[in-house]
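J.: Okay, here's the structure, questions in a sec.
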Amino acid sequence: MSKKLLFTILVTLVLTSLMLSACGAPATSAPSTTQAPAKKTFTYADMTLCYPQLGAESDWRTANTASIKETADKVGAKLIFSDAQQKQENQISAIRACIQQGVSVIALPPVVEDGWDAVLTEAKNAGIPVIIVDRSVSADSSLYAAHIGSDMKLEGERAAAEFNKKFPNGASILELSGTTGSGAAVGRAAGLRNKLNANIKIIDSQTGNFTRAEALPVMQAFLQKYKPGVDFQGIFIHNDDMGIGAIEALKAAGVKPGDLFIVSVDGTRGGFQAMVDGWFQADVECNPLLGPQVFEMALKLMNGQPVDRETLTNETVYYPDNAAQLLPSRKY
Ligand code: GZL
């Protein structure tokens, strides 16, 4: 073979291979020796979930804590749990400790709406996803992955509907509100005012911080100022525990079950008993059993799967007419 022909063949081969590689030759190119490692799928056994619980102020909170702990045990995930005794600074310290520890996910039940931006930014910078649980936060939604909880404003609107139904010709009511600045109290108060008929007046509102102990003196002070049945005909109470504290003061003042139209929130066993005893005329459901949803979402976040930004619990209103029948089967 002449040198010229050999040279032409070589040049053609080189040009062809250059052209093929420029067009990203797929199938004929030799397999790469450095295949990307298969992406690991995390399981609950790989999960460490941080739950800086806000406190132990109510039966609702006790049930919420139990739901989280029982779910962690059931799925086999590691749980870092703490009780902030209703103090935001304690929740923030607990979150920072979890960030230091490099947990998989933080699930935060915020005691109040404001003041979370800095610590949520720290979690984001550490690459730890945050699920807001139960109450809401005012922080920018880019600072957390999702919210799972109740529609507190709707709960307030449902309470308003009960007063509107009971008092078509108008009335005066008191409000015993939850923790000042909490998403639950803010939402319920707003919802009540959104839907209450104009002829029903809220003549006073004080916080009982969601506890029986703090609601008792508030109700006593109300009874010093206002004559039950005369100055006011009803009370909106933001949770059953405060309602039970208020009942103690009402009893001491000689008020009888049914003298006042009382609407509470949560639907705990204590609330159901207050309906059986005739003290509450309606109890707006607020469900604390969020454990399964929280852990399911946390695992999705660990595996980079998409999650719903907002998951609101489907809830109802409970009434005295079947409270005795339902009480034995109540889960909280
Ligand atoms: C509501 C929750 C409230 C309950 C109270 O989702 O945050 O806090 O209504 C509890 O009983 O203390």
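Residues in the structure tokens are named by chain (A, B, ... in the order shown) and by number from 1 within that chain; ligands are numbered from 1 in the order shown.
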Report the closest atom pair, with its distance in Å rounded to one decimal, for each residue of chain A that has an atom no farther than 7 Å from ligand 1; count only C-alpha atoms and all ligand atoms, sort by chain and then rising residue number, and write it as CSV.
T.:
residue,atom,partner,partner_atom_place_in_ligand_line,distance
A:Glu57,CA,ligand 1,12 (O),5.5
A:Ser58,CA,ligand 1,12 (O),4.8
A:Asp59,CA,ligand 1,11 (O),6.4
A:Trp60,CA,ligand 1,11 (O),4.5
A:Arg61,CA,ligand 1,10 (C),5.4
A:Asp134,CA,ligand 1,6 (O),4.9
A:Arg135,CA,ligand 1,7 (O),5.2
A:Gly149,CA,ligand 1,6 (O),6.7
A:Ser150,CA,ligand 1,6 (O),5.9
A:Ala184,CA,ligand 1,1 (C),5.3
A:Phe210,CA,ligand 1,12 (O),5.0
A:His238,CA,ligand 1,9 (O),6.4
A:Asn239,CA,ligand 1,11 (O),4.9
A:Asp240,CA,ligand 1,11 (O),6.5
A:Asp241,CA,ligand 1,11 (O),6.5
A:Val265,CA,ligand 1,9 (O),6.2
A:Asp266,CA,ligand 1,9 (O),5.3
A:Cys286,CA,ligand 1,6 (O),6.0
A:Pro288,CA,ligand 1,6 (O),6.7
J.: Which of stretch 71-192 of chain A end up as alpha helix (DSSP H) when DSSP is run on this backbone - answer as a PDB file with N, CA, C and O atoms, in the first residue's frame?
T.:
ATOM      1  N   THR A  71     -44.531   7.585  67.833  1.00  0.00           N
ATOM      2  CA  THR A  71     -44.207   7.389  66.408  1.00  0.00           C
ATOM      3  C   THR A  71     -42.718   7.123  66.234  1.00  0.00           C
ATOM      4  O   THR A  71     -42.324   6.234  65.469  1.00  0.00           O
ATOM      5  N   ALA A  72     -41.881   7.850  66.966  1.00  0.00           N
ATOM      6  CA  ALA A  72     -40.424   7.619  66.879  1.00  0.00           C
ATOM      7  C   ALA A  72     -40.105   6.170  67.238  1.00  0.00           C
ATOM      8  O   ALA A  72     -39.361   5.487  66.527  1.00  0.00           O
ATOM      9  N   ASP A  73     -40.702   5.683  68.331  1.00  0.00           N
ATOM     10  CA  ASP A  73     -40.485   4.286  68.746  1.00  0.00           C
ATOM     11  C   ASP A  73     -40.974   3.317  67.669  1.00  0.00           C
ATOM     12  O   ASP A  73     -40.312   2.356  67.312  1.00  0.00           O
ATOM     13  N   LYS A  74     -42.151   3.628  67.139  1.00  0.00           N
ATOM     14  CA  LYS A  74     -42.786   2.701  66.179  1.00  0.00           C
ATOM     15  C   LYS A  74     -41.962   2.573  64.892  1.00  0.00           C
ATOM     16  O   LYS A  74     -41.759   1.466  64.370  1.00  0.00           O
ATOM     17  N   VAL A  75     -41.453   3.690  64.392  1.00  0.00           N
ATOM     18  CA  VAL A  75     -40.727   3.642  63.102  1.00  0.00           C
ATOM     19  C   VAL A  75     -39.246   3.342  63.294  1.00  0.00           C
ATOM     20  O   VAL A  75     -38.526   3.058  62.338  1.00  0.00           O
ATOM     21  N   GLN A  88     -39.534  30.709  74.615  1.00  0.00           N
ATOM     22  CA  GLN A  88     -38.948  30.681  73.279  1.00  0.00           C
ATOM     23  C   GLN A  88     -37.427  30.548  73.356  1.00  0.00           C
ATOM     24  O   GLN A  88     -36.846  29.797  72.546  1.00  0.00           O
ATOM     25  N   GLU A  89     -36.794  31.202  74.316  1.00  0.00           N
ATOM     26  CA  GLU A  89     -35.328  31.132  74.365  1.00  0.00           C
ATOM     27  C   GLU A  89     -34.856  29.693  74.600  1.00  0.00           C
ATOM     28  O   GLU A  89     -33.813  29.286  74.078  1.00  0.00           O
ATOM     29  N   ASN A  90     -35.652  28.938  75.320  1.00  0.00           N
ATOM     30  CA  ASN A  90     -35.284  27.527  75.548  1.00  0.00           C
ATOM     31  C   ASN A  90     -35.433  26.707  74.267  1.00  0.00           C
ATOM     32  O   ASN A  90     -34.639  25.808  73.981  1.00  0.00           O
ATOM     33  N   GLN A  91     -36.464  27.023  73.493  1.00  0.00           N
ATOM     34  CA  GLN A  91     -36.636  26.314  72.209  1.00  0.00           C
ATOM     35  C   GLN A  91     -35.464  26.649  71.273  1.00  0.00           C
ATOM     36  O   GLN A  91     -34.914  25.756  70.617  1.00  0.00           O
ATOM     37  N   ILE A  92     -35.081  27.900  71.225  1.00  0.00           N
ATOM     38  CA  ILE A  92     -33.982  28.326  70.347  1.00  0.00           C
ATOM     39  C   ILE A  92     -32.680  27.648  70.769  1.00  0.00           C
ATOM     40  O   ILE A  92     -31.934  27.121  69.930  1.00  0.00           O
ATOM     41  N   SER A  93     -32.423  27.577  72.067  1.00  0.00           N
ATOM     42  CA  SER A  93     -31.198  26.887  72.553  1.00  0.00           C
ATOM     43  C   SER A  93     -31.223  25.413  72.156  1.00  0.00           C
ATOM     44  O   SER A  93     -30.212  24.853  71.714  1.00  0.00           O
ATOM     45  N   ALA A  94     -32.393  24.800  72.280  1.00  0.00           N
ATOM     46  CA  ALA A  94     -32.518  23.371  71.937  1.00  0.00           C
ATOM     47  C   ALA A  94     -32.262  23.159  70.445  1.00  0.00           C
ATOM     48  O   ALA A  94     -31.598  22.193  70.039  1.00  0.00           O
ATOM     49  N   ILE A  95     -32.773  24.071  69.621  1.00  0.00           N
ATOM     50  CA  ILE A  95     -32.558  23.964  68.165  1.00  0.00           C
ATOM     51  C   ILE A  95     -31.062  24.098  67.854  1.00  0.00           C
ATOM     52  O   ILE A  95     -30.504  23.317  67.066  1.00  0.00           O
ATOM     53  N   ARG A  96     -30.401  25.037  68.510  1.00  0.00           N
ATOM     54  CA  ARG A  96     -28.960  25.236  68.254  1.00  0.00           C
ATOM     55  C   ARG A  96     -28.158  23.997  68.654  1.00  0.00           C
ATOM     56  O   ARG A  96     -27.234  23.586  67.941  1.00  0.00           O
ATOM     57  N   ALA A  97     -28.566  23.357  69.750  1.00  0.00           N
ATOM     58  CA  ALA A  97     -27.877  22.121  70.163  1.00  0.00           C
ATOM     59  C   ALA A  97     -28.074  21.032  69.104  1.00  0.00           C
ATOM     60  O   ALA A  97     -27.146  20.296  68.758  1.00  0.00           O
ATOM     61  N   CYS A  98     -29.270  20.970  68.537  1.00  0.00           N
ATOM     62  CA  CYS A  98     -29.548  19.970  67.488  1.00  0.00           C
ATOM     63  C   CYS A  98     -28.748  20.259  66.222  1.00  0.00           C
ATOM     64  O   CYS A  98     -28.252  19.343  65.558  1.00  0.00           O
ATOM     65  N   ILE A  99     -28.596  21.522  65.898  1.00  0.00           N
ATOM     66  CA  ILE A  99     -27.787  21.891  64.719  1.00  0.00           C
ATOM     67  C   ILE A  99     -26.350  21.444  64.944  1.00  0.00           C
ATOM     68  O   ILE A  99     -25.717  20.842  64.072  1.00  0.00           O
ATOM     69  N   GLN A 100     -25.825  21.707  66.158  1.00  0.00           N
ATOM     70  CA  GLN A 100     -24.454  21.275  66.501  1.00  0.00           C
ATOM     71  C   GLN A 100     -24.302  19.758  66.342  1.00  0.00           C
ATOM     72  O   GLN A 100     -23.300  19.254  65.881  1.00  0.00           O
ATOM     73  N   GLN A 101     -25.375  19.075  66.735  1.00  0.00           N
ATOM     74  CA  GLN A 101     -25.325  17.605  66.691  1.00  0.00           C
ATOM     75  C   GLN A 101     -25.464  17.060  65.277  1.00  0.00           C
ATOM     76  O   GLN A 101     -25.252  15.882  65.023  1.00  0.00           O
ATOM     77  N   ASP A 117     -36.444  33.871  62.806  1.00  0.00           N
ATOM     78  CA  ASP A 117     -35.683  34.014  61.553  1.00  0.00           C
ATOM     79  C   ASP A 117     -34.210  33.624  61.720  1.00  0.00           C
ATOM     80  O   ASP A 117     -33.670  32.868  60.924  1.00  0.00           O
ATOM     81  N   ALA A 118     -33.576  34.089  62.792  1.00  0.00           N
ATOM     82  CA  ALA A 118     -32.124  33.845  62.948  1.00  0.00           C
ATOM     83  C   ALA A 118     -31.836  32.350  63.076  1.00  0.00           C
ATOM     84  O   ALA A 118     -31.029  31.788  62.325  1.00  0.00           O
ATOM     85  N   VAL A 119     -32.535  31.693  63.967  1.00  0.00           N
ATOM     86  CA  VAL A 119     -32.216  30.259  64.203  1.00  0.00           C
ATOM     87  C   VAL A 119     -32.650  29.390  63.020  1.00  0.00           C
ATOM     88  O   VAL A 119     -31.984  28.389  62.700  1.00  0.00           O
ATOM     89  N   LEU A 120     -33.719  29.794  62.337  1.00  0.00           N
ATOM     90  CA  LEU A 120     -34.112  29.030  61.135  1.00  0.00           C
ATOM     91  C   LEU A 120     -33.080  29.224  60.022  1.00  0.00           C
ATOM     92  O   LEU A 120     -32.781  28.286  59.265  1.00  0.00           O
ATOM     93  N   THR A 121     -32.493  30.397  59.962  1.00  0.00           N
ATOM     94  CA  THR A 121     -31.426  30.645  58.981  1.00  0.00           C
ATOM     95  C   THR A 121     -30.200  29.787  59.308  1.00  0.00           C
ATOM     96  O   THR A 121     -29.575  29.204  58.411  1.00  0.00           O
ATOM     97  N   GLU A 122     -29.897  29.667  60.597  1.00  0.00           N
ATOM     98  CA  GLU A 122     -28.764  28.814  61.014  1.00  0.00           C
ATOM     99  C   GLU A 122     -29.003  27.359  60.612  1.00  0.00           C
ATOM    100  O   GLU A 122     -28.104  26.684  60.113  1.00  0.00           O
ATOM    101  N   ALA A 123     -30.235  26.902  60.795  1.00  0.00           N
ATOM    102  CA  ALA A 123     -30.562  25.512  60.412  1.00  0.00           C
ATOM    103  C   ALA A 123     -30.441  25.347  58.905  1.00  0.00           C
ATOM    104  O   ALA A 123     -29.859  24.371  58.412  1.00  0.00           O
ATOM    105  N   LYS A 124     -30.939  26.335  58.182  1.00  0.00           N
ATOM    106  CA  LYS A 124     -30.872  26.275  56.701  1.00  0.00           C
ATOM    107  C   LYS A 124     -29.416  26.257  56.233  1.00  0.00           C
ATOM    108  O   LYS A 124     -29.027  25.461  55.386  1.00  0.00           O
ATOM    109  N   ASN A 125     -28.597  27.111  56.837  1.00  0.00           N
ATOM    110  CA  ASN A 125     -27.167  27.167  56.456  1.00  0.00           C
ATOM    111  C   ASN A 125     -26.439  25.867  56.798  1.00  0.00           C
ATOM    112  O   ASN A 125     -25.454  25.510  56.164  1.00  0.00           O
ATOM    113  N   MET A 152     -56.002  27.564  62.618  1.00  0.00           N
ATOM    114  CA  MET A 152     -56.474  28.188  63.861  1.00  0.00           C
ATOM    115  C   MET A 152     -57.556  29.240  63.593  1.00  0.00           C
ATOM    116  O   MET A 152     -58.491  29.394  64.378  1.00  0.00           O
ATOM    117  N   LYS A 153     -57.425  29.951  62.483  1.00  0.00           N
ATOM    118  CA  LYS A 153     -58.433  30.975  62.157  1.00  0.00           C
ATOM    119  C   LYS A 153     -59.796  30.299  61.931  1.00  0.00           C
ATOM    120  O   LYS A 153     -60.824  30.751  62.447  1.00  0.00           O
ATOM    121  N   LEU A 154     -59.777  29.174  61.240  1.00  0.00           N
ATOM    122  CA  LEU A 154     -61.034  28.438  61.002  1.00  0.00           C
ATOM    123  C   LEU A 154     -61.626  27.980  62.329  1.00  0.00           C
ATOM    124  O   LEU A 154     -62.843  28.010  62.525  1.00  0.00           O
ATOM    125  N   GLU A 155     -60.771  27.593  63.269  1.00  0.00           N
ATOM    126  CA  GLU A 155     -61.277  27.180  64.594  1.00  0.00           C
ATOM    127  C   GLU A 155     -62.019  28.346  65.256  1.00  0.00           C
ATOM    128  O   GLU A 155     -63.091  28.182  65.832  1.00  0.00           O
ATOM    129  N   GLY A 156     -61.444  29.556  65.145  1.00  0.00           N
ATOM    130  CA  GLY A 156     -62.107  30.736  65.708  1.00  0.00           C
ATOM    131  C   GLY A 156     -63.422  31.033  65.001  1.00  0.00           C
ATOM    132  O   GLY A 156     -64.419  31.385  65.625  1.00  0.00           O
ATOM    133  N   GLU A 157     -63.420  30.844  63.671  1.00  0.00           N
ATOM    134  CA  GLU A 157     -64.648  31.089  62.895  1.00  0.00           C
ATOM    135  C   GLU A 157     -65.744  30.103  63.272  1.00  0.00           C
ATOM    136  O   GLU A 157     -66.926  30.455  63.351  1.00  0.00           O
ATOM    137  N   ARG A 158     -65.335  28.860  63.556  1.00  0.00           N
ATOM    138  CA  ARG A 158     -66.311  27.835  63.966  1.00  0.00           C
ATOM    139  C   ARG A 158     -66.923  28.193  65.327  1.00  0.00           C
ATOM    140  O   ARG A 158     -68.106  27.989  65.563  1.00  0.00           O
ATOM    141  N   ALA A 159     -66.089  28.754  66.191  1.00  0.00           N
ATOM    142  CA  ALA A 159     -66.610  29.191  67.498  1.00  0.00           C
ATOM    143  C   ALA A 159     -67.608  30.331  67.306  1.00  0.00           C
ATOM    144  O   ALA A 159     -68.692  30.330  67.900  1.00  0.00           O
ATOM    145  N   ALA A 160     -67.260  31.275  66.416  1.00  0.00           N
ATOM    146  CA  ALA A 160     -68.170  32.404  66.146  1.00  0.00           C
ATOM    147  C   ALA A 160     -69.520  31.895  65.658  1.00  0.00           C
ATOM    148  O   ALA A 160     -70.583  32.387  66.087  1.00  0.00           O
ATOM    149  N   ALA A 161     -69.502  30.892  64.796  1.00  0.00           N
ATOM    150  CA  ALA A 161     -70.754  30.340  64.248  1.00  0.00           C
ATOM    151  C   ALA A 161     -71.650  29.802  65.364  1.00  0.00           C
ATOM    152  O   ALA A 161     -72.891  29.946  65.304  1.00  0.00           O
ATOM    153  N   GLU A 162     -71.026  29.252  66.421  1.00  0.00           N
ATOM    154  CA  GLU A 162     -71.828  28.738  67.539  1.00  0.00           C
ATOM    155  C   GLU A 162     -72.513  29.883  68.285  1.00  0.00           C
ATOM    156  O   GLU A 162     -73.694  29.787  68.646  1.00  0.00           O
ATOM    157  N   PHE A 163     -71.778  30.969  68.502  1.00  0.00           N
ATOM    158  CA  PHE A 163     -72.378  32.130  69.194  1.00  0.00           C
ATOM    159  C   PHE A 163     -73.454  32.775  68.324  1.00  0.00           C
ATOM    160  O   PHE A 163     -74.534  33.156  68.806  1.00  0.00           O
ATOM    161  N   ASN A 164     -73.204  32.865  67.026  1.00  0.00           N
ATOM    162  CA  ASN A 164     -74.195  33.468  66.110  1.00  0.00           C
ATOM    163  C   ASN A 164     -75.501  32.668  66.125  1.00  0.00           C
ATOM    164  O   ASN A 164     -76.592  33.217  66.128  1.00  0.00           O
ATOM    165  N   LYS A 165     -75.328  31.305  66.180  1.00  0.00           N
ATOM    166  CA  LYS A 165     -76.505  30.422  66.184  1.00  0.00           C
ATOM    167  C   LYS A 165     -77.301  30.597  67.500  1.00  0.00           C
ATOM    168  O   LYS A 165     -78.520  30.687  67.512  1.00  0.00           O
ATOM    169  N   LYS A 166     -76.575  30.697  68.576  1.00  0.00           N
ATOM    170  CA  LYS A 166     -77.201  30.761  69.916  1.00  0.00           C
ATOM    171  C   LYS A 166     -77.843  32.111  70.189  1.00  0.00           C
ATOM    172  O   LYS A 166     -78.897  32.184  70.846  1.00  0.00           O
ATOM    173  N   GLY A 183     -49.436  31.445  67.467  1.00  0.00           N
ATOM    174  CA  GLY A 183     -50.259  31.309  66.263  1.00  0.00           C
ATOM    175  C   GLY A 183     -51.654  30.818  66.592  1.00  0.00           C
ATOM    176  O   GLY A 183     -52.640  31.194  65.947  1.00  0.00           O
ATOM    177  N   ALA A 184     -51.757  30.000  67.655  1.00  0.00           N
ATOM    178  CA  ALA A 184     -53.081  29.472  68.028  1.00  0.00           C
ATOM    179  C   ALA A 184     -53.983  30.587  68.555  1.00  0.00           C
ATOM    180  O   ALA A 184     -55.135  30.723  68.132  1.00  0.00           O
ATOM    181  N   ALA A 185     -53.454  31.404  69.455  1.00  0.00           N
ATOM    182  CA  ALA A 185     -54.281  32.479  70.030  1.00  0.00           C
ATOM    183  C   ALA A 185     -54.578  33.554  68.991  1.00  0.00           C
ATOM    184  O   ALA A 185     -55.723  34.019  68.864  1.00  0.00           O
ATOM    185  N   VAL A 186     -53.568  33.912  68.212  1.00  0.00           N
ATOM    186  CA  VAL A 186     -53.756  34.958  67.177  1.00  0.00           C
ATOM    187  C   VAL A 186     -54.812  34.502  66.171  1.00  0.00           C
ATOM    188  O   VAL A 186     -55.759  35.223  65.847  1.00  0.00           O
ATOM    189  N   GLY A 187     -54.704  33.270  65.721  1.00  0.00           N
ATOM    190  CA  GLY A 187     -55.634  32.746  64.711  1.00  0.00           C
ATOM    191  C   GLY A 187     -57.050  32.627  65.239  1.00  0.00           C
ATOM    192  O   GLY A 187     -58.024  33.041  64.584  1.00  0.00           O
ATOM    193  N   ARG A 188     -57.191  32.081  66.450  1.00  0.00           N
ATOM    194  CA  ARG A 188     -58.542  31.886  67.001  1.00  0.00           C
ATOM    195  C   ARG A 188     -59.223  33.236  67.259  1.00  0.00           C
ATOM    196  O   ARG A 188     -60.409  33.408  66.990  1.00  0.00           O
ATOM    197  N   ALA A 189     -58.455  34.178  67.780  1.00  0.00           N
ATOM    198  CA  ALA A 189     -59.034  35.510  68.048  1.00  0.00           C
ATOM    199  C   ALA A 189     -59.465  36.169  66.742  1.00  0.00           C
ATOM    200  O   ALA A 189     -60.561  36.748  66.643  1.00  0.00           O
ATOM    201  N   ALA A 190     -58.623  36.047  65.720  1.00  0.00           N
ATOM    202  CA  ALA A 190     -58.946  36.668  64.421  1.00  0.00           C
ATOM    203  C   ALA A 190     -60.168  35.993  63.803  1.00  0.00           C
ATOM    204  O   ALA A 190     -61.085  36.665  63.298  1.00  0.00           O
ATOM    205  N   GLY A 191     -60.197  34.673  63.879  1.00  0.00           N
ATOM    206  CA  GLY A 191     -61.328  33.941  63.294  1.00  0.00           C
ATOM    207  C   GLY A 191     -62.635  34.288  63.974  1.00  0.00           C
ATOM    208  O   GLY A 191     -63.670  34.495  63.321  1.00  0.00           O
ATOM    209  N   LEU A 192     -62.596  34.402  65.316  1.00  0.00           N
ATOM    210  CA  LEU A 192     -63.823  34.781  66.058  1.00  0.00           C
ATOM    211  C   LEU A 192     -64.323  36.132  65.579  1.00  0.00           C
ATOM    212  O   LEU A 192     -65.497  36.305  65.253  1.00  0.00           O
TER     213      LEU A 192
END
J.: Please provide as a PyMOL selection string all residues within 12 Å of A:Ala63, with the sequence filter that same-chain residues fewer than 4 positions apart are discarded (counting only C-alpha atoms).
T.: chain A and resi 53+55-59+67-70+266-269+286-291+330-332
J.: May I have the residues from that selection written out with N, CA, C and O atoms, as a CSV table (one decimal), in the first residue's frame?
T.:
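part-v1.csv written:
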chain,number,residue,atom,x,y,z
A,53,GLN,N,-39.9,20.5,72.0
A,53,GLN,CA,-41.3,20.8,72.4
A,53,GLN,C,-41.4,22.0,73.2
A,53,GLN,O,-40.6,22.4,74.0
A,55,GLY,N,-43.6,22.9,75.6
A,55,GLY,CA,-43.9,22.9,77.0
A,55,GLY,C,-44.7,21.6,77.3
A,55,GLY,O,-44.7,20.7,76.6
A,56,ALA,N,-45.4,21.7,78.5
A,56,ALA,CA,-46.3,20.6,78.9
A,56,ALA,C,-47.5,21.3,79.6
A,56,ALA,O,-48.0,20.9,80.6
A,57,GLU,N,-48.0,22.4,79.0
A,57,GLU,CA,-49.0,23.3,79.6
A,57,GLU,C,-50.4,22.8,79.6
A,57,GLU,O,-51.2,23.3,80.3
A,58,SER,N,-50.6,21.8,78.7
A,58,SER,CA,-52.0,21.4,78.6
A,58,SER,C,-52.1,19.9,78.2
A,58,SER,O,-51.2,19.3,77.8
A,59,ASP,N,-53.4,19.4,78.3
A,59,ASP,CA,-53.6,18.0,77.9
A,59,ASP,C,-53.3,17.8,76.4
A,59,ASP,O,-52.9,16.8,76.0
A,67,SER,N,-47.7,11.5,70.9
A,67,SER,CA,-47.8,11.1,69.5
A,67,SER,C,-46.4,11.1,68.9
A,67,SER,O,-46.1,10.2,68.1
A,68,ILE,N,-45.6,12.1,69.2
A,68,ILE,CA,-44.3,12.2,68.6
A,68,ILE,C,-43.4,11.1,69.1
A,68,ILE,O,-42.7,10.4,68.3
A,69,LYS,N,-43.4,10.8,70.4
A,69,LYS,CA,-42.5,9.8,71.0
A,69,LYS,C,-43.0,8.4,70.6
A,69,LYS,O,-42.1,7.6,70.2
A,70,GLU,N,-44.3,8.2,70.6
A,70,GLU,CA,-44.8,6.8,70.1
A,70,GLU,C,-44.4,6.6,68.7
A,70,GLU,O,-44.1,5.5,68.3
A,266,ASP,N,-60.2,22.3,71.4
A,266,ASP,CA,-59.3,21.2,71.5
A,266,ASP,C,-60.0,19.9,71.4
A,266,ASP,O,-59.7,19.0,70.6
A,267,GLY,N,-61.1,19.7,72.2
A,267,GLY,CA,-61.8,18.4,72.2
A,267,GLY,C,-61.0,17.3,73.0
A,267,GLY,O,-61.0,16.1,72.6
A,268,THR,N,-60.4,17.7,74.1
A,268,THR,CA,-59.7,16.7,74.9
A,268,THR,C,-60.8,16.0,75.8
A,268,THR,O,-61.9,16.4,75.8
A,269,ARG,N,-60.3,14.9,76.5
A,269,ARG,CA,-61.2,14.2,77.4
A,269,ARG,C,-61.8,15.2,78.4
A,269,ARG,O,-63.0,15.1,78.7
A,286,CYS,N,-59.3,20.4,67.9
A,286,CYS,CA,-57.9,20.8,67.5
A,286,CYS,C,-57.1,19.6,67.8
A,286,CYS,O,-56.8,19.2,68.9
A,287,ASN,N,-56.6,18.9,66.7
A,287,ASN,CA,-56.1,17.5,66.9
A,287,ASN,C,-54.5,17.6,67.1
A,287,ASN,O,-53.8,18.1,66.3
A,288,PRO,N,-54.1,17.0,68.2
A,288,PRO,CA,-52.6,17.0,68.5
A,288,PRO,C,-51.8,15.8,68.0
A,288,PRO,O,-50.6,15.8,68.1
A,289,LEU,N,-52.5,14.8,67.4
A,289,LEU,CA,-51.9,13.6,67.1
A,289,LEU,C,-51.2,13.7,65.7
A,289,LEU,O,-51.6,13.1,64.8
A,290,LEU,N,-50.1,14.4,65.7
A,290,LEU,CA,-49.4,14.8,64.5
A,290,LEU,C,-48.2,13.9,64.2
A,290,LEU,O,-47.5,14.1,63.2
A,291,GLY,N,-47.8,13.0,65.1
A,291,GLY,CA,-46.6,12.3,65.0
A,291,GLY,C,-46.4,11.6,63.7
A,291,GLY,O,-45.4,11.8,63.0
A,330,ARG,N,-62.2,8.5,73.1
A,330,ARG,CA,-61.3,9.7,72.8
A,330,ARG,C,-59.8,9.3,73.0
A,330,ARG,O,-59.5,8.7,74.0
A,331,LYS,N,-59.0,9.6,72.0
A,331,LYS,CA,-57.6,9.2,72.0
A,331,LYS,C,-56.7,10.3,72.8
A,331,LYS,O,-55.6,10.0,73.1
A,332,TYR,N,-57.3,11.4,73.1
A,332,TYR,CA,-56.6,12.4,73.9
A,332,TYR,C,-57.5,13.3,74.7
A,332,TYR,O,-58.7,13.2,74.5
J.: Measure the distance from atom CA of A:Ile235 to atom CA of A:Glu175 in Å and round it to one decimal.
T.: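 Pair atom CA of A:Ile235 / atom CA of A:Glu175 returns 5.6 Å.
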J.: Please build the interface table for stretch 215-302 of chain A against stretch 200-207 of chain A with a cut-off of 8 Å, listing for each qualifying residue the nearest atom pair and the distance in Å to one decimal; count only C-alpha atoms, order rows by chain and increasing number, and write it as JSON lines.
T.:
{"residue": "A:Ala215", "atom": "CA", "partner": "A:Thr207", "partner_atom": "CA", "distance": 7.6}
{"residue": "A:Val218", "atom": "CA", "partner": "A:Gln206", "partner_atom": "CA", "distance": 7.0}
{"residue": "A:Phe232", "atom": "CA", "partner": "A:Ile203", "partner_atom": "CA", "distance": 7.9}
J.: Counting only C-alpha atoms, figure out which residue out of A:Gly258, A:Gly178, A:Pro328, A:Gly115 gets nearest to A:Gly229.
T.: A:Gly258
J.: Report as an NGL selection string all protein, DNA and RNA residues lying within 12 Å of A:Ile244, evaluated on only C-alpha atoms, omitting residues in the same chain fewer than 4 positions from it.
T.: :A and (58-59 or 176 or 208 or 210-216 or 219 or 237-240 or 248-251 or 262-265 or 268-275 or 277 or 279-280)
J.: For stretch 77-86 of chain A, work out the shell of residues within 7 Å, counting only C-alpha atoms and skipping chain neighbours fewer than 6 positions away, then give it as a short mmCIF file (atom, residue, chain, number, x, y, z; two decimals) with N, CA and C atoms, in the first residue's frame.
T.:
data_model
loop_
_atom_site.label_atom_id
_atom_site.label_comp_id
_atom_site.auth_asym_id
_atom_site.auth_seq_id
_atom_site.Cartn_x
_atom_site.Cartn_y
_atom_site.Cartn_z
N TYR A 44 -35.86 5.13 58.20
CA TYR A 44 -36.03 5.69 59.55
C TYR A 44 -34.85 5.35 60.47
N ALA A 45 -34.19 4.24 60.18
CA ALA A 45 -33.03 3.85 61.02
C ALA A 45 -31.89 4.87 60.89
N MET A 47 -32.54 8.10 60.66
CA MET A 47 -33.07 9.41 61.03
C MET A 47 -32.82 9.77 62.49
N THR A 48 -32.35 11.00 62.69
CA THR A 48 -32.35 11.61 64.03
C THR A 48 -33.21 12.87 63.93
N LEU A 49 -34.39 12.83 64.56
CA LEU A 49 -35.30 13.97 64.48
C LEU A 49 -35.27 14.76 65.78
N CYS A 50 -35.11 16.07 65.63
CA CYS A 50 -35.06 16.98 66.80
C CYS A 50 -36.44 17.57 67.01
N TYR A 51 -37.01 17.40 68.22
CA TYR A 51 -38.34 17.96 68.52
C TYR A 51 -38.25 18.81 69.78
N PRO A 52 -37.95 20.11 69.63
CA PRO A 52 -37.85 21.01 70.78
C PRO A 52 -39.25 21.44 71.24
N GLN A 53 -39.92 20.54 71.95
CA GLN A 53 -41.31 20.76 72.36
C GLN A 53 -41.43 22.05 73.18
N LEU A 54 -42.57 22.77 72.99
CA LEU A 54 -42.65 24.09 73.63
C LEU A 54 -42.93 24.01 75.12
N GLY A 55 -43.58 22.92 75.55
CA GLY A 55 -43.88 22.86 77.00
C GLY A 55 -44.71 21.64 77.33
N ALA A 56 -45.39 21.72 78.50
CA ALA A 56 -46.30 20.65 78.93
C ALA A 56 -47.52 21.31 79.59
N VAL A 111 -43.65 28.21 70.13
CA VAL A 111 -44.52 28.74 71.21
C VAL A 111 -45.19 30.04 70.77
#
J.: How far is it from atom CA of A:Lys300 to atom CA of A:Pro109, in Å with one decimal?
T.: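 Atom-to-atom, atom CA of A:Lys300 to atom CA of A:Pro109, that is 19.1 Å.
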J.: Could you name the residues that touch A:Tyr144 at 7 Å or less, counting only C-alpha atoms, but leaving out those on the same chain fewer than 6 positions away, as a list in words?
T.: Pro129, Val130 and Ile131 of chain A
